[in-house]
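*Asks:* Okay, so here is work_27.cif, and as you'll see once you scroll down, it has mmCIF, C-alpha atoms and all ligand atoms.
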data_run
loop_
_atom_site.label_atom_id
_atom_site.label_comp_id
_atom_site.auth_asym_id
_atom_site.auth_seq_id
_atom_site.Cartn_x
_atom_site.Cartn_y
_atom_site.Cartn_z
CA MET A 1 144.77 53.62 -119.23
CA GLY A 2 141.76 54.43 -121.42
CA SER A 3 143.50 57.40 -122.93
CA SER A 4 146.61 55.42 -123.69
CA ILE A 5 144.52 52.88 -125.58
CA ALA A 6 142.81 55.65 -127.50
CA PHE A 7 146.17 57.11 -128.32
CA LEU A 8 147.45 53.77 -129.50
CA LEU A 9 144.41 53.31 -131.66
CA ILE A 10 144.69 56.67 -133.36
CA PHE A 11 148.37 56.15 -133.78
CA LEU A 12 147.92 52.76 -135.36
CA VAL A 13 145.20 53.99 -137.67
CA PHE A 14 147.60 56.68 -138.79
CA VAL A 15 150.54 54.40 -139.42
CA GLY A 16 148.23 51.70 -140.71
CA ARG A 17 147.43 53.90 -143.66
CA SER A 18 150.98 54.52 -144.63
CA PHE A 19 152.50 51.19 -143.92
CA CYS A 20 154.65 49.74 -146.57
CA LEU A 21 155.33 46.07 -146.56
CA ALA A 22 158.84 44.82 -146.43
CA GLU A 23 157.50 41.33 -146.54
CA TRP A 24 158.19 38.08 -148.30
CA ASN A 25 156.20 37.07 -151.27
CA LEU A 26 154.68 33.81 -150.11
CA SER A 27 153.63 32.47 -153.46
CA ARG A 28 155.45 29.60 -155.05
CA ARG A 29 159.17 30.33 -155.01
CA SER A 30 161.93 28.81 -157.00
CA GLU A 31 164.20 26.16 -155.58
CA SER A 32 167.06 28.66 -155.39
CA GLU A 33 165.02 30.80 -152.97
CA GLY A 34 164.29 27.90 -150.65
CA LEU A 35 165.82 27.13 -147.28
CA CYS A 36 167.96 24.32 -148.73
CA ALA A 37 169.65 26.57 -151.26
CA GLN A 38 169.86 29.59 -148.96
CA LEU A 39 171.18 28.09 -145.78
CA ILE A 40 171.68 24.33 -145.68
CA ARG A 41 173.44 23.28 -148.88
CA PRO A 42 175.99 26.14 -148.69
CA LEU A 43 177.21 24.56 -145.46
CA GLY A 44 177.90 21.25 -147.17
CA TYR A 45 174.76 19.27 -146.36
CA PRO A 46 172.52 17.50 -148.86
CA CYS A 47 169.01 18.94 -148.77
CA GLU A 48 165.74 18.28 -150.59
CA GLU A 49 162.77 20.65 -150.92
CA HIS A 50 159.31 19.09 -150.55
CA THR A 51 155.85 20.68 -150.76
CA VAL A 52 152.97 19.52 -148.59
CA GLU A 53 149.42 20.63 -149.35
CA THR A 54 147.23 20.93 -146.27
CA LYS A 55 143.59 19.83 -146.15
CA ASP A 56 142.62 23.52 -146.35
CA GLY A 57 144.83 24.25 -149.34
CA PHE A 58 148.01 25.80 -147.95
CA LEU A 59 151.26 24.82 -149.64
CA LEU A 60 153.94 24.24 -147.03
CA ALA A 61 157.64 23.82 -147.63
CA VAL A 62 159.29 20.90 -145.88
CA GLN A 63 163.04 20.35 -146.16
CA ARG A 64 164.84 17.06 -145.76
CA ILE A 65 168.50 16.42 -144.93
CA PRO A 66 168.58 12.72 -145.67
CA TYR A 67 172.09 11.97 -144.42
CA SER A 68 174.97 13.83 -142.90
CA THR A 69 177.89 15.44 -144.63
CA GLY A 70 181.34 13.93 -145.09
CA GLY A 71 180.79 12.72 -148.63
CA ILE A 72 179.53 9.33 -147.57
CA LYS A 73 176.03 8.57 -148.75
CA VAL A 74 174.58 6.38 -146.05
CA LYS A 75 171.15 4.91 -145.66
CA PRO A 76 168.96 7.48 -143.91
CA GLY A 77 168.55 6.90 -140.19
CA PRO A 78 165.25 7.24 -138.34
CA PRO A 79 163.20 10.25 -139.43
CA ILE A 80 163.03 13.22 -137.09
CA PHE A 81 160.69 16.17 -137.62
CA LEU A 82 161.49 19.68 -136.37
CA GLN A 83 158.64 22.12 -135.70
CA HIS A 84 159.59 25.76 -135.13
CA GLY A 85 157.79 28.33 -132.97
CA LEU A 86 155.87 31.58 -133.48
CA PHE A 87 157.49 34.17 -135.80
CA GLN A 88 160.12 31.59 -136.65
CA GLY A 89 160.63 29.26 -139.60
CA GLY A 90 162.65 26.18 -140.42
CA ASP A 91 165.77 28.34 -140.61
CA THR A 92 165.71 28.68 -136.84
CA TRP A 93 167.18 25.15 -136.46
CA PHE A 94 170.17 26.10 -138.61
CA ALA A 95 170.82 29.69 -137.50
CA ASN A 96 173.93 29.08 -135.43
CA SER A 97 177.13 27.44 -136.59
CA VAL A 98 177.11 23.86 -137.88
CA GLU A 99 178.50 22.67 -134.53
CA GLU A 100 175.84 24.54 -132.51
CA SER A 101 172.60 24.18 -134.52
CA LEU A 102 170.22 21.35 -133.69
CA GLY A 103 169.33 20.66 -137.34
CA PHE A 104 172.94 19.99 -138.29
CA ILE A 105 173.72 18.14 -135.06
CA LEU A 106 170.85 15.69 -135.66
CA ALA A 107 172.04 15.11 -139.23
CA ASN A 108 175.55 14.44 -137.91
CA HIS A 109 174.07 11.88 -135.53
CA GLY A 110 172.60 9.97 -138.45
CA PHE A 111 168.99 11.10 -138.23
CA ASP A 112 166.95 11.65 -141.38
CA VAL A 113 166.08 15.30 -140.63
CA TRP A 114 162.76 16.77 -141.81
CA VAL A 115 162.03 20.47 -141.25
CA GLY A 116 158.50 21.85 -140.96
CA ASN A 117 157.44 25.37 -141.98
CA VAL A 118 153.94 26.54 -141.13
CA ARG A 119 151.67 28.65 -143.33
CA GLY A 120 152.56 32.33 -143.56
CA THR A 121 156.29 31.85 -143.02
CA ARG A 122 158.79 32.96 -145.58
CA TRP A 123 159.55 29.45 -146.81
CA SER A 124 155.98 28.27 -147.33
CA HIS A 125 154.46 28.53 -150.80
CA GLY A 126 151.15 30.27 -150.24
CA HIS A 127 147.81 28.67 -151.03
CA ILE A 128 146.25 26.82 -153.95
CA SER A 129 143.66 29.58 -154.50
CA LEU A 130 144.03 32.37 -151.91
CA SER A 131 146.51 35.22 -152.15
CA GLU A 132 148.26 36.52 -149.05
CA LYS A 133 146.59 39.87 -149.68
CA GLU A 134 143.22 38.30 -148.88
CA LYS A 135 141.78 38.26 -145.39
CA ALA A 136 140.91 34.56 -145.74
CA PHE A 137 144.59 33.72 -146.21
CA TRP A 138 145.22 34.80 -142.60
CA ASP A 139 142.04 33.35 -141.09
CA TRP A 140 143.68 30.80 -138.77
CA SER A 141 145.39 30.38 -135.42
CA TRP A 142 147.64 27.68 -133.95
CA GLN A 143 144.54 25.49 -133.90
CA GLU A 144 144.74 25.12 -137.71
CA LEU A 145 148.53 24.80 -137.45
CA ALA A 146 147.94 21.81 -135.15
CA HIS A 147 145.02 20.16 -136.96
CA TYR A 148 146.15 20.81 -140.53
CA ASP A 149 149.79 21.88 -140.90
CA LEU A 150 151.31 19.54 -138.33
CA VAL A 151 149.09 16.55 -139.04
CA ASP A 152 149.53 16.89 -142.81
CA MET A 153 153.31 17.35 -142.62
CA ILE A 154 153.74 14.37 -140.27
CA ASN A 155 151.50 12.30 -142.53
CA TYR A 156 153.68 13.22 -145.49
CA VAL A 157 156.95 12.32 -143.75
CA TYR A 158 155.43 9.07 -142.51
CA SER A 159 154.33 8.11 -146.01
CA MET A 160 157.71 9.05 -147.51
CA THR A 161 159.80 7.17 -144.95
CA ASN A 162 157.49 4.33 -143.95
CA SER A 163 158.71 4.81 -140.44
CA LYS A 164 157.55 6.22 -137.13
CA ILE A 165 158.93 9.70 -136.56
CA PHE A 166 160.80 11.38 -133.74
CA PHE A 167 159.42 14.85 -133.04
CA VAL A 168 161.07 18.02 -131.77
CA GLY A 169 159.05 21.18 -131.19
CA HIS A 170 159.82 24.56 -129.73
CA SER A 171 157.28 26.90 -128.10
CA GLN A 172 154.30 27.24 -130.50
CA GLY A 173 155.58 24.01 -132.04
CA THR A 174 154.82 22.36 -128.68
CA ILE A 175 151.32 23.89 -128.48
CA MET A 176 150.67 22.44 -131.93
CA ALA A 177 152.04 19.06 -130.87
CA LEU A 178 150.24 18.84 -127.53
CA ALA A 179 146.94 19.85 -129.18
CA ALA A 180 147.42 17.40 -132.07
CA PHE A 181 148.51 14.55 -129.77
CA THR A 182 145.18 14.79 -127.91
CA GLN A 183 143.43 13.93 -131.20
CA PRO A 184 143.50 10.50 -132.80
CA ASP A 185 145.22 11.83 -135.95
CA ILE A 186 148.97 11.59 -135.51
CA VAL A 187 150.16 9.91 -132.33
CA HIS A 188 150.42 6.51 -134.02
CA MET A 189 153.02 7.98 -136.42
CA VAL A 190 155.20 9.43 -133.65
CA GLU A 191 157.91 7.35 -131.96
CA ALA A 192 158.76 9.88 -129.22
CA ALA A 193 158.59 13.64 -128.76
CA ALA A 194 160.97 16.22 -127.32
CA LEU A 195 159.34 19.51 -126.36
CA LEU A 196 161.48 22.62 -125.86
CA CYS A 197 159.71 25.26 -123.73
CA PRO A 198 156.48 23.22 -123.63
CA ILE A 199 153.33 25.34 -123.72
CA SER A 200 149.70 24.46 -123.34
CA TYR A 201 148.55 26.79 -120.56
CA LEU A 202 149.65 30.43 -120.64
CA GLY A 203 147.93 31.91 -117.61
CA HIS A 204 151.15 32.73 -115.76
CA ILE A 205 153.16 34.24 -118.55
CA THR A 206 155.49 36.99 -117.22
CA SER A 207 156.70 38.58 -120.46
CA HIS A 208 156.38 42.35 -119.94
CA PHE A 209 155.92 42.98 -123.61
CA VAL A 210 153.21 40.35 -124.10
CA LEU A 211 151.33 41.37 -120.96
CA ARG A 212 151.29 44.94 -122.16
CA ALA A 213 150.04 43.88 -125.59
CA VAL A 214 147.30 41.83 -123.90
CA SER A 215 146.28 44.68 -121.59
CA VAL A 216 145.78 47.15 -124.46
CA HIS A 217 144.00 44.48 -126.57
CA ILE A 218 146.37 44.96 -129.47
CA ASP A 219 144.87 41.87 -131.14
CA GLN A 220 141.38 43.38 -131.17
CA ILE A 221 142.68 46.77 -132.29
CA LEU A 222 144.45 45.23 -135.26
CA LEU A 223 141.51 43.01 -136.21
CA GLY A 224 139.24 46.05 -135.92
CA MET A 225 141.53 47.89 -138.32
CA GLY A 226 141.35 45.05 -140.80
CA ILE A 227 144.97 44.02 -140.29
CA HIS A 228 145.00 40.24 -140.46
CA GLN A 229 148.63 39.57 -141.18
CA LEU A 230 151.07 40.13 -138.36
CA ASN A 231 154.39 41.03 -139.85
CA PHE A 232 157.02 42.64 -137.67
CA ARG A 233 159.26 43.16 -140.66
CA SER A 234 156.87 45.79 -141.97
CA ASP A 235 156.98 49.45 -140.92
CA MET A 236 153.61 48.80 -139.34
CA GLY A 237 155.07 46.03 -137.20
CA VAL A 238 157.90 48.26 -136.06
CA GLN A 239 155.42 50.98 -135.10
CA ILE A 240 153.41 48.50 -133.06
CA PHE A 241 156.54 47.59 -131.15
CA ASP A 242 157.43 51.22 -130.54
CA SER A 243 153.97 52.18 -129.35
CA LEU A 244 153.80 49.22 -126.95
CA CYS A 245 157.20 49.96 -125.46
CA ASP A 246 156.96 53.72 -125.25
CA GLY A 247 157.01 54.78 -121.60
CA HIS A 248 155.75 51.40 -120.38
CA ILE A 249 158.41 48.78 -120.88
CA ASP A 250 162.14 48.97 -121.10
CA CYS A 251 162.61 47.84 -124.68
CA SER A 252 166.29 48.70 -124.89
CA ASP A 253 166.63 44.95 -124.62
CA LEU A 254 163.56 44.02 -126.61
CA LEU A 255 164.32 40.32 -126.82
CA SER A 256 164.51 40.04 -123.01
CA ALA A 257 161.31 42.08 -122.65
CA ILE A 258 159.56 39.49 -124.83
CA THR A 259 161.18 36.15 -124.00
CA GLY A 260 162.88 36.62 -120.63
CA LYS A 261 166.63 37.00 -120.21
CA ASN A 262 168.51 34.58 -122.43
CA CYS A 263 171.73 33.44 -120.82
CA CYS A 264 173.68 32.41 -123.88
CA PHE A 265 172.59 34.47 -126.82
CA ASN A 266 175.34 35.30 -129.32
CA ASN A 267 174.99 39.01 -129.97
CA SER A 268 177.46 38.91 -132.84
CA ARG A 269 175.04 36.74 -134.80
CA VAL A 270 172.00 39.01 -134.58
CA ASP A 271 172.33 40.11 -138.20
CA THR A 272 172.29 36.48 -139.31
CA TYR A 273 169.15 35.77 -137.27
CA LEU A 274 167.39 38.85 -138.62
CA GLU A 275 168.05 37.85 -142.19
CA TYR A 276 164.98 35.59 -142.12
CA GLU A 277 163.27 36.26 -138.80
CA PRO A 278 160.81 37.30 -137.56
CA HIS A 279 158.50 35.45 -139.94
CA ALA A 280 154.88 36.52 -140.30
CA SER A 281 151.88 35.08 -138.50
CA SER A 282 148.19 35.91 -138.34
CA THR A 283 146.56 38.43 -136.05
CA LYS A 284 143.96 35.78 -135.27
CA ASN A 285 146.77 33.62 -133.90
CA PHE A 286 147.67 36.46 -131.53
CA ALA A 287 144.01 36.74 -130.55
CA HIS A 288 143.89 33.01 -129.76
CA LEU A 289 147.07 33.16 -127.67
CA PHE A 290 145.72 36.21 -125.82
CA GLN A 291 142.51 34.30 -125.03
CA MET A 292 144.65 31.59 -123.44
CA ILE A 293 146.54 34.18 -121.40
CA ARG A 294 143.37 35.88 -120.19
CA LYS A 295 141.43 32.71 -119.38
CA ASP A 296 144.22 30.26 -118.52
CA THR A 297 142.63 27.64 -120.76
CA PHE A 298 144.03 25.28 -123.37
CA ALA A 299 141.06 25.42 -125.69
CA MET A 300 140.04 26.00 -129.28
CA TYR A 301 139.51 29.52 -130.61
CA ASP A 302 136.72 31.38 -128.84
CA TYR A 303 134.31 32.86 -131.39
CA GLY A 304 131.88 34.16 -128.77
CA LEU A 305 128.69 32.44 -127.66
CA LEU A 306 126.91 32.31 -131.00
CA GLY A 307 129.99 31.73 -133.10
CA ASN A 308 130.98 28.87 -130.84
CA MET A 309 127.52 27.37 -131.05
CA LYS A 310 127.70 27.51 -134.82
CA ARG A 311 131.19 26.03 -135.09
CA TYR A 312 131.42 23.68 -132.16
CA GLY A 313 127.82 23.13 -131.11
CA HIS A 314 128.57 24.52 -127.62
CA PHE A 315 128.61 27.99 -126.16
CA ARG A 316 132.19 27.52 -125.06
CA PRO A 317 135.10 26.39 -127.23
CA PRO A 318 136.12 22.76 -126.64
CA GLN A 319 139.15 22.28 -124.37
CA TYR A 320 142.11 20.18 -125.41
CA ASP A 321 142.23 17.34 -122.93
CA LEU A 322 145.88 16.55 -122.18
CA SER A 323 144.82 13.34 -120.45
CA GLU A 324 143.93 12.03 -123.93
CA ILE A 325 147.61 11.90 -124.92
CA PRO A 326 148.42 8.19 -124.81
CA LYS A 327 150.68 7.11 -121.98
CA SER A 328 152.56 5.01 -124.51
CA LEU A 329 153.99 8.10 -126.24
CA PRO A 330 157.42 8.81 -124.71
CA LEU A 331 157.78 12.51 -123.90
CA TRP A 332 160.84 14.58 -123.01
CA MET A 333 160.63 18.23 -121.99
CA ALA A 334 163.22 20.94 -121.48
CA TYR A 335 162.28 24.22 -119.82
CA GLY A 336 164.06 27.26 -118.45
CA GLY A 337 164.08 29.19 -115.19
CA SER A 338 164.33 32.51 -117.02
CA ASP A 339 161.64 31.81 -119.64
CA ALA A 340 159.02 34.58 -119.58
CA LEU A 341 156.73 32.78 -122.05
CA ALA A 342 156.75 29.18 -120.79
CA ASP A 343 156.44 29.95 -117.08
CA LEU A 344 157.28 27.24 -114.55
CA THR A 345 153.76 27.27 -113.09
CA ASP A 346 152.27 26.73 -116.54
CA VAL A 347 154.77 23.98 -117.40
CA GLU A 348 153.89 22.22 -114.14
CA HIS A 349 150.19 22.59 -114.98
CA THR A 350 150.81 20.86 -118.32
CA ILE A 351 152.81 18.04 -116.73
CA LYS A 352 150.16 17.47 -114.06
CA GLU A 353 147.47 16.84 -116.67
CA LEU A 354 149.50 14.39 -118.73
CA PRO A 355 148.85 10.71 -118.04
CA SER A 356 152.54 9.89 -118.59
CA LYS A 357 155.55 11.14 -116.68
CA PRO A 358 157.72 12.98 -119.18
CA GLU A 359 161.48 13.04 -118.73
CA LEU A 360 162.38 16.56 -117.67
CA LEU A 361 165.39 18.79 -118.16
CA TYR A 362 165.42 22.05 -116.23
CA CYS A 363 167.88 24.74 -117.32
CA GLU A 364 167.88 27.33 -114.59
CA SER A 365 169.54 30.17 -116.52
CA TYR A 366 167.77 29.57 -119.85
CA GLY A 367 165.31 32.00 -121.44
CA HIS A 368 162.86 31.13 -124.22
CA ILE A 369 165.26 31.56 -127.12
CA ASP A 370 168.23 29.83 -125.48
CA PHE A 371 166.70 26.46 -126.30
CA ILE A 372 167.20 27.25 -129.99
CA LEU A 373 170.09 29.66 -130.09
CA SER A 374 172.15 29.26 -126.92
CA VAL A 375 175.82 28.81 -127.77
CA LYS A 376 175.83 26.09 -125.08
CA ALA A 377 172.60 24.28 -125.97
CA LYS A 378 174.61 21.61 -127.77
CA ASP A 379 175.88 20.29 -124.42
CA ASP A 380 173.18 21.60 -122.06
CA VAL A 381 170.18 20.39 -124.06
CA TYR A 382 170.75 18.62 -127.38
CA ALA A 383 173.14 15.95 -126.09
CA LYS A 384 170.53 14.95 -123.52
CA MET A 385 167.72 15.06 -126.05
CA ILE A 386 169.64 12.73 -128.36
CA GLU A 387 170.32 10.41 -125.43
CA PHE A 388 166.56 10.29 -124.85
CA PHE A 389 165.87 9.51 -128.52
CA ARG A 390 168.50 6.77 -128.45
CA SER A 391 166.89 5.23 -125.39
CA GLN A 392 163.69 5.10 -127.50
CA GLY A 393 165.37 3.27 -130.36
CA GLY A 394 166.80 6.27 -132.23
CA SER A 395 169.98 6.46 -134.24
CA ASN A 396 173.16 4.95 -132.91
CA SER A 397 175.52 5.89 -135.70
CA TYR A 398 177.71 8.27 -133.66
C1 LIG B 1 179.21 34.06 -132.06
O1 LIG B 1 179.01 34.44 -133.41
C2 LIG B 1 180.19 34.79 -134.09
C3 LIG B 1 179.79 35.35 -135.44
O2 LIG B 1 179.13 34.39 -136.22
C4 LIG B 1 181.11 33.58 -134.18
O3 LIG B 1 182.31 33.93 -134.83
C5 LIG B 1 181.40 33.08 -132.75
O4 LIG B 1 182.14 31.88 -132.82
C6 LIG B 1 180.10 32.83 -132.00
N1 LIG B 1 180.42 32.52 -130.60
C7 LIG B 1 180.10 31.36 -130.05
C8 LIG B 1 180.50 31.20 -128.61
O5 LIG B 1 179.54 30.48 -130.64
#
Could you render the structure from this file as structure tokens?

*Replies:*
Amino acid sequence: MGSSIAFLLIFLVFVGRSFCLAEWNLSRRSESEGLCAQLIRPLGYPCEEHTVETKDGFLLAVQRIPYSTGGIKVKPGPPIFLQHGLFQGGDTWFANSVEESLGFILANHGFDVWVGNVRGTRWSHGHISLSEKEKAFWDWSWQELAHYDLVDMINYVYSMTNSKIFFVGHSQGTIMALAAFTQPDIVHMVEAAALLCPISYLGHITSHFVLRAVSVHIDQILLGMGIHQLNFRSDMGVQIFDSLCDGHIDCSDLLSAITGKNCCFNNSRVDTYLEYEPHASSTKNFAHLFQMIRKDTFAMYDYGLLGNMKRYGHFRPPQYDLSEIPKSLPLWMAYGGSDALADLTDVEHTIKELPSKPELLYCESYGHIDFILSVKAKDDVYAKMIEFFRSQGGSNSY
């Protein structure tokens, strides 16, 4: 094992030197390069681009589809906010056909659809003073995505619409939500929340690829090499994948090796998905997720004894206390029997610590990505989610 780590290290140092970035320029982009112009308007939907500045200076893109297509301008229905997962962006909600994609389906049901994009993704607009080439630009994990990005985007939508907001999150979007909901900041602005592949604890993750990455400490290797941006579109990212797979995991089906077997993935659309995904994230975010996997905790970033003392005033990072999420917040969760990232044991752990009893939808054959991209999710998942929102006072137009 030691020698394989050493090999990986040397290998990465080698490729690290020569890596060329096939990455997005995250600075302010023109309207024509935004998600509205690229993906949503071409399919006949009205779409507005908004920019939200976070408390720590990141400029996030938020899109709004204020009413559905059909040429009839109606009064916007209740606002609904969609928060994507790791290595994904707002495009993920629109990546299948109009009939199959949650973003379009919600618009068709009369919701006022708002789409979040976290820092570092292709659609976001960089930072007021930092450049993406600087280490400080990537000095964050999902903790900042929860405390800043999510809270600031929800605040913005709330102030624009003057209305409580329905929330939908997938994967990392649910970590952000569950962490943020334990704080006093945003719950009062949220009407009800639907969590797809809910994650707070990660101790029982079964993803072969992730477990391998954890066991060779790929996060620490990359940080040690001064690589702070995690971008699997770069040559470097591809090399990392190859070196992790080589001789250890069957990566002929890489997606399954990472997410678990997805029942209803449309292989003929892969090129469409890869047009924008995977989006970039920070290596520190990986490090934080790996800490959760190793320690089975739902806690803030662990800076080590002294670092923690300095930042938090304790030797150990503060835990997020799920019992702080108000019972009055209606929760709905959908999870899959074939999900290698949101394992059943971990989902049950989350549910057990919540004061409320969330409504649950179990999809036996679903893997992690099915909840976004399954060709059957429209009936299996979204119809039931919309039923839940309606029971909480959501749109009744269709
Ligand atoms: C799969 O994707 C192809 C290509 O976009 C599309 O023509 C087909 O209808 C999709 N299949 C399903 C079941 O959605």

*Asks:* Residues of chain A within 7 Å of ligand LIG 1 (chain B): nearest atom pair and distance (Å, one decimal) for each, counting all atoms listed in the file, sorted by chain and number, as a Markdown table?

*Replies:*
| residue | atom | partner | partner_atom | distance |
| --- | --- | --- | --- | --- |
| A:Asn266 | CA | B:LIG1 | C1 | 4.9 |
| A:Asn267 | CA | B:LIG1 | C1 | 6.8 |
| A:Ser268 | CA | B:LIG1 | O1 | 4.8 |
| A:Arg269 | CA | B:LIG1 | O1 | 4.8 |
| A:Val375 | CA | B:LIG1 | O5 | 5.0 |

*Asks:* Calculate how many Å separate CA of Tyr382 in chain A from CA of Thr174 in chain A, rounding to one decimal.

*Replies:*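 Interatomic distance, CA of Tyr382 in chain A to CA of Thr174 in chain A: 16.4 Å.
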
*Asks:* Any idea what the distance is between CA of Asn162 in chain A and CA of Trp114 in chain A?

*Replies:* 13.7 Å

*Asks:* For range 38-148 of chain A against range 218-236 of chain A, with a cut-off of 10 Å and counting only C-alpha atoms, what is the closest atom pair and its distance in Å to one decimal for every residue that makes the cut, ordered by chain and number, as a tab-separated table?

*Replies:*
residue	atom	partner	partner_atom	distance
A:Phe87	CA	A:Asn231	CA	8.5
A:Gly120	CA	A:Gln229	CA	8.6
A:Thr121	CA	A:Asn231	CA	9.9
A:Glu132	CA	A:Gln229	CA	8.4
A:Lys133	CA	A:Gln229	CA	8.7
A:Glu134	CA	A:His228	CA	8.8
A:Lys135	CA	A:His228	CA	6.2
A:Ala136	CA	A:His228	CA	8.8
A:Phe137	CA	A:His228	CA	8.7
A:Trp138	CA	A:His228	CA	5.8
A:Asp139	CA	A:His228	CA	7.5
A:Trp140	CA	A:His228	CA	9.7

*Asks:* Would you export the selected residues with C-alpha atoms as a PDB file, in the coordinates of the input, please?

*Replies:*
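Once written, again_9.pdb looks like this:
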ATOM      1  CA  PHE A  87     157.490  34.170-135.800  1.00  0.00           C
ATOM      2  CA  GLY A 120     152.560  32.330-143.560  1.00  0.00           C
ATOM      3  CA  THR A 121     156.290  31.850-143.020  1.00  0.00           C
ATOM      4  CA  GLU A 132     148.260  36.520-149.050  1.00  0.00           C
ATOM      5  CA  LYS A 133     146.590  39.870-149.680  1.00  0.00           C
ATOM      6  CA  GLU A 134     143.220  38.300-148.880  1.00  0.00           C
ATOM      7  CA  LYS A 135     141.780  38.260-145.390  1.00  0.00           C
ATOM      8  CA  ALA A 136     140.910  34.560-145.740  1.00  0.00           C
ATOM      9  CA  PHE A 137     144.590  33.720-146.210  1.00  0.00           C
ATOM     10  CA  TRP A 138     145.220  34.800-142.600  1.00  0.00           C
ATOM     11  CA  ASP A 139     142.040  33.350-141.090  1.00  0.00           C
ATOM     12  CA  TRP A 140     143.680  30.800-138.770  1.00  0.00           C
TER      13      TRP A 140
END

*Asks:* Name all residues at most 8 Å from range 200-215 of chain A (count all atoms listed in the file; drop same-chain ones fewer than 4 positions away) and give them as a compact mmCIF listing (two decimals) with C-alpha atoms, in the coordinates of the input.

*Replies:*
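Saved result, result-v5.txt, follows:
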# COMPACT_ATOMS: atom_id res chain seq x y z
CA THR A 174 154.82 22.36 -128.68
CA ILE A 175 151.32 23.89 -128.48
CA LEU A 178 150.24 18.84 -127.53
CA ALA A 179 146.94 19.85 -129.18
CA ASP A 219 144.87 41.87 -131.14
CA LEU A 244 153.80 49.22 -126.95
CA CYS A 245 157.20 49.96 -125.46
CA ILE A 249 158.41 48.78 -120.88
CA ALA A 257 161.31 42.08 -122.65
CA ILE A 258 159.56 39.49 -124.83
CA THR A 259 161.18 36.15 -124.00
CA GLY A 260 162.88 36.62 -120.63
CA LEU A 289 147.07 33.16 -127.67
CA PHE A 290 145.72 36.21 -125.82
CA MET A 292 144.65 31.59 -123.44
CA ILE A 293 146.54 34.18 -121.40
CA ARG A 294 143.37 35.88 -120.19
CA LYS A 295 141.43 32.71 -119.38
CA ASP A 296 144.22 30.26 -118.52
CA THR A 297 142.63 27.64 -120.76
CA PHE A 298 144.03 25.28 -123.37
CA ALA A 340 159.02 34.58 -119.58
CA LEU A 341 156.73 32.78 -122.05
CA ALA A 342 156.75 29.18 -120.79
CA ASP A 343 156.44 29.95 -117.08
CA THR A 345 153.76 27.27 -113.09
CA ASP A 346 152.27 26.73 -116.54
CA VAL A 347 154.77 23.98 -117.40
CA HIS A 349 150.19 22.59 -114.98
CA THR A 350 150.81 20.86 -118.32

*Asks:* At a cut-off of 12 Å, using only C-alpha atoms, what residues contact Tyr312 in chain A? Leave out same-chain residues fewer than 6 positions from it and give the result as a list of chain:residue names.

*Replies:*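 So the residues in contact are A:Ala299, A:Met300, A:Tyr301, A:Asp302, A:Tyr303, A:Gly304, A:Leu305, A:Leu306, A:Pro318, A:Gln319.
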
*Asks:* Name the residues, using the chain letters and numbers of the file, that sit within 9 Å of (155.0, 30.8, -157.3) when counting only C-alpha atoms, and give them as a list in words.

*Replies:* Asn25, Leu26, Ser27, Arg28, Arg29, Ser30, His125 and Gly126 of chain A

*Asks:* From the options A:Phe389, A:Tyr148, A:Phe166, A:Tyr273, which residue's atoms come nearest to Ala95 in chain A, counting all atoms listed in the file?

*Replies:*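 The closest residue to Ala95 in chain A is A:Tyr273.
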
*Asks:* Provide range 29-38 of chain A of the preceding structure as a file containing N, CA and C atoms, as a PDB file, in the first residue's frame.

*Replies:*
ATOM      1  N   ARG A  29     -19.111  36.739 -16.906  1.00  0.00           N
ATOM      2  CA  ARG A  29     -19.339  36.351 -18.300  1.00  0.00           C
ATOM      3  C   ARG A  29     -20.546  37.104 -18.840  1.00  0.00           C
ATOM      4  N   SER A  30     -20.591  37.155 -20.133  1.00  0.00           N
ATOM      5  CA  SER A  30     -21.697  37.900 -20.733  1.00  0.00           C
ATOM      6  C   SER A  30     -22.973  37.080 -20.638  1.00  0.00           C
ATOM      7  N   GLU A  31     -24.077  37.782 -20.772  1.00  0.00           N
ATOM      8  CA  GLU A  31     -25.396  37.153 -20.687  1.00  0.00           C
ATOM      9  C   GLU A  31     -25.519  35.987 -21.671  1.00  0.00           C
ATOM     10  N   SER A  32     -24.905  36.129 -22.854  1.00  0.00           N
ATOM     11  CA  SER A  32     -25.049  35.083 -23.869  1.00  0.00           C
ATOM     12  C   SER A  32     -24.311  33.797 -23.487  1.00  0.00           C
ATOM     13  N   GLU A  33     -23.410  33.895 -22.500  1.00  0.00           N
ATOM     14  CA  GLU A  33     -22.687  32.697 -22.047  1.00  0.00           C
ATOM     15  C   GLU A  33     -23.336  32.071 -20.823  1.00  0.00           C
ATOM     16  N   GLY A  34     -24.427  32.649 -20.370  1.00  0.00           N
ATOM     17  CA  GLY A  34     -25.074  32.167 -19.151  1.00  0.00           C
ATOM     18  C   GLY A  34     -25.965  30.961 -19.401  1.00  0.00           C
ATOM     19  N   LEU A  35     -26.410  30.376 -18.317  1.00  0.00           N
ATOM     20  CA  LEU A  35     -27.249  29.175 -18.401  1.00  0.00           C
ATOM     21  C   LEU A  35     -28.583  29.453 -19.113  1.00  0.00           C
ATOM     22  N   CYS A  36     -29.140  30.634 -18.877  1.00  0.00           N
ATOM     23  CA  CYS A  36     -30.405  30.985 -19.553  1.00  0.00           C
ATOM     24  C   CYS A  36     -30.244  30.908 -21.063  1.00  0.00           C
ATOM     25  N   ALA A  37     -29.217  31.601 -21.564  1.00  0.00           N
ATOM     26  CA  ALA A  37     -29.038  31.691 -23.018  1.00  0.00           C
ATOM     27  C   ALA A  37     -28.582  30.364 -23.609  1.00  0.00           C
ATOM     28  N   GLN A  38     -27.788  29.611 -22.836  1.00  0.00           N
ATOM     29  CA  GLN A  38     -27.222  28.371 -23.361  1.00  0.00           C
ATOM     30  C   GLN A  38     -28.232  27.229 -23.413  1.00  0.00           C
TER      31      GLN A  38
END
